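Read through the structure below, which is laid out as structure tokens, and then see the notes.
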Amino acid sequence: MDTEIQQILEEHVLPTIAQEESASPLTALWLLVDRQKHRIVGSIVFKSPPDETGAATIGYSTEKGYHNQGYMTEALAGLIEWSIEQSPIHILRTDVPLDHTTAQKVLLDNQFEPYQTTQERQYWRRILR
């Protein structure tokens with residue numbers, strides 16, 4: 001599992017899940033499963049719940065050997081569709097390393113737009129409404 005996803009799980013998701021009354025899809029790790037191969041091929045997680053402006057930050061990772069096969073593009077499209085139905089979510093945000101062109105393509109294919117760049121990362125958002 002990607003170390004960034006592992007860190008998010010340990011610091012944000014697992015402590016929230018431990019509080020039963022606050023369990024929700026916004027605190028879950030969403031696994032991408034190839035049903036034919038019976039394999040976990042990736043994951044998406046909300047790094048933060050929606051803030052006061054309705055912006056929620058996500059992180060995602062595709063397992064080695066499953067890049068460039070459309071798994072994450074399809075999964076992110078599904079997450080966007082689900083997020084549009086959730087009234088508190090108005091914007092999805094994420095960030096990726098500048099040299100990770102595969103991750104950037106997934107975002108472009110899902111109509112995310114870059115809005116900030118640092119020396120190492122590019123920050124993206126998709127305005128839902």
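Ligands are numbered from 1 in the order shown, residues from 1 within each chain, and chains are lettered A, B, ... in the order they appear in the structure tokens.
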field: Test item: residues at most 9 Å from region 88-96 of chain A, only C-alpha atoms, excluding those fewer than 5 positions along its chain, as a ChimeraX atom specification
entry: /A:47,49-60,80,83,101,103-104,112,114,120-129
task: Determine which residues of region 71-124 of chain A receive a DSSP assignment of strand (DSSP E or B), computed from the backbone, and state them as a list in words.
output: Ile91, Leu92, Arg93, Thr94, Asp95, Val96, Pro97, Glu113, Pro114, Tyr115, Gln116, Thr117, Arg121, Gln122, Tyr123 and Trp124 of chain A
Keeping all heavy atoms for every residue in the selection just given, could you write it to a file as a short mmCIF file (atom, residue, chain, number, x, y, z; two decimals), in the first residue's frame?
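Result file is selection_12.cif:
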data_model
loop_
_atom_site.label_atom_id
_atom_site.label_comp_id
_atom_site.auth_asym_id
_atom_site.auth_seq_id
_atom_site.Cartn_x
_atom_site.Cartn_y
_atom_site.Cartn_z
N ILE A 91 -16.59 20.70 -3.82
CA ILE A 91 -15.30 20.70 -4.53
C ILE A 91 -14.50 19.49 -4.06
O ILE A 91 -14.46 19.19 -2.87
CB ILE A 91 -14.49 21.98 -4.21
CG1 ILE A 91 -15.25 23.24 -4.62
CG2 ILE A 91 -13.12 21.94 -4.89
CD1 ILE A 91 -14.64 24.53 -4.09
N LEU A 92 -13.87 18.80 -5.00
CA LEU A 92 -12.91 17.75 -4.66
C LEU A 92 -11.52 18.28 -4.96
O LEU A 92 -11.30 18.89 -6.02
CB LEU A 92 -13.17 16.47 -5.46
CG LEU A 92 -14.41 15.69 -5.10
CD1 LEU A 92 -14.58 14.51 -6.06
CD2 LEU A 92 -14.34 15.19 -3.66
N ARG A 93 -10.60 18.05 -4.04
CA ARG A 93 -9.21 18.50 -4.21
C ARG A 93 -8.27 17.32 -4.04
O ARG A 93 -8.59 16.36 -3.33
CB ARG A 93 -8.83 19.53 -3.16
CG ARG A 93 -9.59 20.82 -3.22
CD ARG A 93 -9.06 21.80 -2.20
NE ARG A 93 -9.22 21.27 -0.84
CZ ARG A 93 -9.49 22.00 0.21
NH1 ARG A 93 -9.61 23.30 0.10
NH2 ARG A 93 -9.62 21.45 1.40
N THR A 94 -7.11 17.41 -4.64
CA THR A 94 -6.05 16.44 -4.44
C THR A 94 -4.73 17.05 -4.88
O THR A 94 -4.70 18.14 -5.45
CB THR A 94 -6.33 15.12 -5.18
OG1 THR A 94 -5.45 14.11 -4.72
CG2 THR A 94 -6.20 15.28 -6.69
N ASP A 95 -3.66 16.36 -4.59
CA ASP A 95 -2.35 16.81 -5.06
C ASP A 95 -1.54 15.59 -5.48
O ASP A 95 -1.74 14.50 -4.96
CB ASP A 95 -1.62 17.62 -3.98
CG ASP A 95 -1.37 16.83 -2.72
OD1 ASP A 95 -2.30 16.71 -1.89
OD2 ASP A 95 -0.25 16.34 -2.55
N VAL A 96 -0.67 15.81 -6.45
CA VAL A 96 0.17 14.73 -6.97
C VAL A 96 1.58 15.26 -7.21
O VAL A 96 1.77 16.47 -7.42
CB VAL A 96 -0.40 14.13 -8.28
CG1 VAL A 96 -1.76 13.48 -8.05
CG2 VAL A 96 -0.49 15.17 -9.36
N PRO A 97 2.57 14.37 -7.19
CA PRO A 97 3.94 14.81 -7.52
C PRO A 97 3.99 15.36 -8.94
O PRO A 97 3.29 14.88 -9.84
CB PRO A 97 4.77 13.53 -7.39
CG PRO A 97 3.97 12.63 -6.51
CD PRO A 97 2.52 12.97 -6.80
N GLU A 113 -8.78 20.44 -12.57
CA GLU A 113 -7.90 21.48 -13.11
C GLU A 113 -6.83 21.82 -12.08
O GLU A 113 -7.10 21.87 -10.87
CB GLU A 113 -8.69 22.73 -13.47
CG GLU A 113 -9.46 23.32 -12.33
CD GLU A 113 -10.34 24.49 -12.74
OE1 GLU A 113 -10.73 24.57 -13.91
OE2 GLU A 113 -10.61 25.32 -11.86
N PRO A 114 -5.59 22.03 -12.55
CA PRO A 114 -4.54 22.42 -11.60
C PRO A 114 -4.77 23.87 -11.16
O PRO A 114 -5.20 24.71 -11.95
CB PRO A 114 -3.25 22.30 -12.41
CG PRO A 114 -3.67 22.37 -13.84
CD PRO A 114 -5.09 21.89 -13.91
N TYR A 115 -4.53 24.13 -9.88
CA TYR A 115 -4.72 25.50 -9.40
C TYR A 115 -3.53 26.02 -8.62
O TYR A 115 -3.46 27.21 -8.32
CB TYR A 115 -6.01 25.63 -8.58
CG TYR A 115 -6.01 24.91 -7.25
CD1 TYR A 115 -5.62 25.55 -6.08
CD2 TYR A 115 -6.39 23.58 -7.17
CE1 TYR A 115 -5.62 24.89 -4.86
CE2 TYR A 115 -6.41 22.92 -5.95
CZ TYR A 115 -6.02 23.57 -4.80
OH TYR A 115 -6.02 22.91 -3.61
N GLN A 116 -2.56 25.16 -8.31
CA GLN A 116 -1.37 25.62 -7.59
C GLN A 116 -0.26 24.60 -7.83
O GLN A 116 -0.50 23.41 -7.92
CB GLN A 116 -1.66 25.72 -6.09
CG GLN A 116 -0.51 26.26 -5.28
CD GLN A 116 -0.87 26.33 -3.79
OE1 GLN A 116 -1.99 26.08 -3.38
NE2 GLN A 116 0.11 26.67 -2.99
N THR A 117 0.96 25.12 -7.93
CA THR A 117 2.12 24.26 -8.12
C THR A 117 3.24 24.71 -7.20
O THR A 117 3.49 25.91 -7.06
CB THR A 117 2.61 24.33 -9.59
OG1 THR A 117 1.51 23.96 -10.45
CG2 THR A 117 3.77 23.39 -9.84
N ARG A 121 5.00 19.41 -5.98
CA ARG A 121 3.64 18.90 -6.14
C ARG A 121 2.77 19.86 -6.95
O ARG A 121 3.03 21.06 -7.01
CB ARG A 121 3.00 18.67 -4.76
CG ARG A 121 3.81 17.70 -3.92
CD ARG A 121 3.10 17.18 -2.73
NE ARG A 121 2.07 16.20 -3.00
CZ ARG A 121 2.29 14.92 -3.30
NH1 ARG A 121 3.51 14.47 -3.43
NH2 ARG A 121 1.28 14.09 -3.48
N GLN A 122 1.74 19.29 -7.53
CA GLN A 122 0.74 20.08 -8.23
C GLN A 122 -0.60 19.81 -7.55
O GLN A 122 -0.95 18.66 -7.28
CB GLN A 122 0.68 19.71 -9.70
CG GLN A 122 -0.14 20.68 -10.52
CD GLN A 122 0.10 20.49 -12.00
OE1 GLN A 122 0.19 19.38 -12.48
NE2 GLN A 122 0.20 21.60 -12.72
N TYR A 123 -1.35 20.87 -7.28
CA TYR A 123 -2.63 20.79 -6.58
C TYR A 123 -3.75 20.95 -7.60
O TYR A 123 -3.70 21.83 -8.45
CB TYR A 123 -2.71 21.86 -5.49
CG TYR A 123 -1.68 21.61 -4.41
CD1 TYR A 123 -0.35 22.01 -4.57
CD2 TYR A 123 -2.00 20.90 -3.27
CE1 TYR A 123 0.61 21.74 -3.61
CE2 TYR A 123 -1.06 20.63 -2.29
CZ TYR A 123 0.25 21.05 -2.47
OH TYR A 123 1.18 20.77 -1.52
N TRP A 124 -4.74 20.09 -7.49
CA TRP A 124 -5.83 20.00 -8.46
C TRP A 124 -7.17 20.10 -7.75
O TRP A 124 -7.29 19.77 -6.58
CB TRP A 124 -5.77 18.65 -9.17
CG TRP A 124 -4.54 18.42 -9.99
CD1 TRP A 124 -3.28 18.19 -9.52
CD2 TRP A 124 -4.46 18.39 -11.40
NE1 TRP A 124 -2.42 18.01 -10.58
CE2 TRP A 124 -3.11 18.12 -11.73
CE3 TRP A 124 -5.39 18.55 -12.42
CZ2 TRP A 124 -2.68 18.01 -13.05
CZ3 TRP A 124 -4.96 18.44 -13.73
CH2 TRP A 124 -3.63 18.19 -14.04
#
task: Measure the distance from CA of Trp82 (chain A) to CA of Leu98 (chain A) in Å and round it to one decimal.
output: 27.6 Å
Those in region 90-128 of chain A with helix (DSSP H, G or I) from DSSP, as a short mmCIF file (atom, residue, chain, number, x, y, z; two decimals) with N, CA, C and O atoms, in the first residue's frame:
data_model
loop_
_atom_site.label_atom_id
_atom_site.label_comp_id
_atom_site.auth_asym_id
_atom_site.auth_seq_id
_atom_site.Cartn_x
_atom_site.Cartn_y
_atom_site.Cartn_z
N THR A 101 2.99 11.76 -14.17
CA THR A 101 2.12 12.09 -15.31
C THR A 101 0.91 11.17 -15.41
O THR A 101 -0.14 11.59 -15.88
N THR A 102 1.04 9.93 -14.95
CA THR A 102 -0.10 9.01 -14.98
C THR A 102 -1.21 9.52 -14.07
O THR A 102 -2.38 9.53 -14.46
N ALA A 103 -0.87 9.95 -12.87
CA ALA A 103 -1.86 10.49 -11.94
C ALA A 103 -2.48 11.77 -12.49
O ALA A 103 -3.69 12.01 -12.33
N GLN A 104 -1.68 12.58 -13.13
CA GLN A 104 -2.18 13.82 -13.72
C GLN A 104 -3.17 13.53 -14.85
O GLN A 104 -4.19 14.21 -14.98
N LYS A 105 -2.90 12.48 -15.63
CA LYS A 105 -3.81 12.11 -16.71
C LYS A 105 -5.16 11.66 -16.15
O LYS A 105 -6.21 12.00 -16.71
N VAL A 106 -5.15 10.91 -15.06
CA VAL A 106 -6.39 10.49 -14.41
C VAL A 106 -7.22 11.72 -14.03
O VAL A 106 -8.43 11.76 -14.26
N LEU A 107 -6.56 12.74 -13.48
CA LEU A 107 -7.25 13.95 -13.08
C LEU A 107 -7.80 14.71 -14.28
O LEU A 107 -8.94 15.17 -14.28
N LEU A 108 -6.98 14.86 -15.32
CA LEU A 108 -7.44 15.54 -16.53
C LEU A 108 -8.63 14.81 -17.16
O LEU A 108 -9.59 15.45 -17.60
N ASP A 109 -8.57 13.49 -17.19
CA ASP A 109 -9.66 12.70 -17.75
C ASP A 109 -10.96 12.86 -16.96
O ASP A 109 -12.04 12.58 -17.47
#
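Proximity ranking of A:Glu81, A:Glu74, A:Gln7, A:Pro25 relative to Phe46 (chain A) places A:Pro25 first, based on only C-alpha atoms.
Between Ala75 (chain A) and the candidates A:Ser87, A:Leu29, A:Ile44, A:Arg35, the tightest atom-to-atom separation, counting only C-alpha atoms, involves A:Ile44.
Taking CA of Gly78 (chain A) and CA of Leu26 (chain A) as the two end points, the separation is 14.3 Å.
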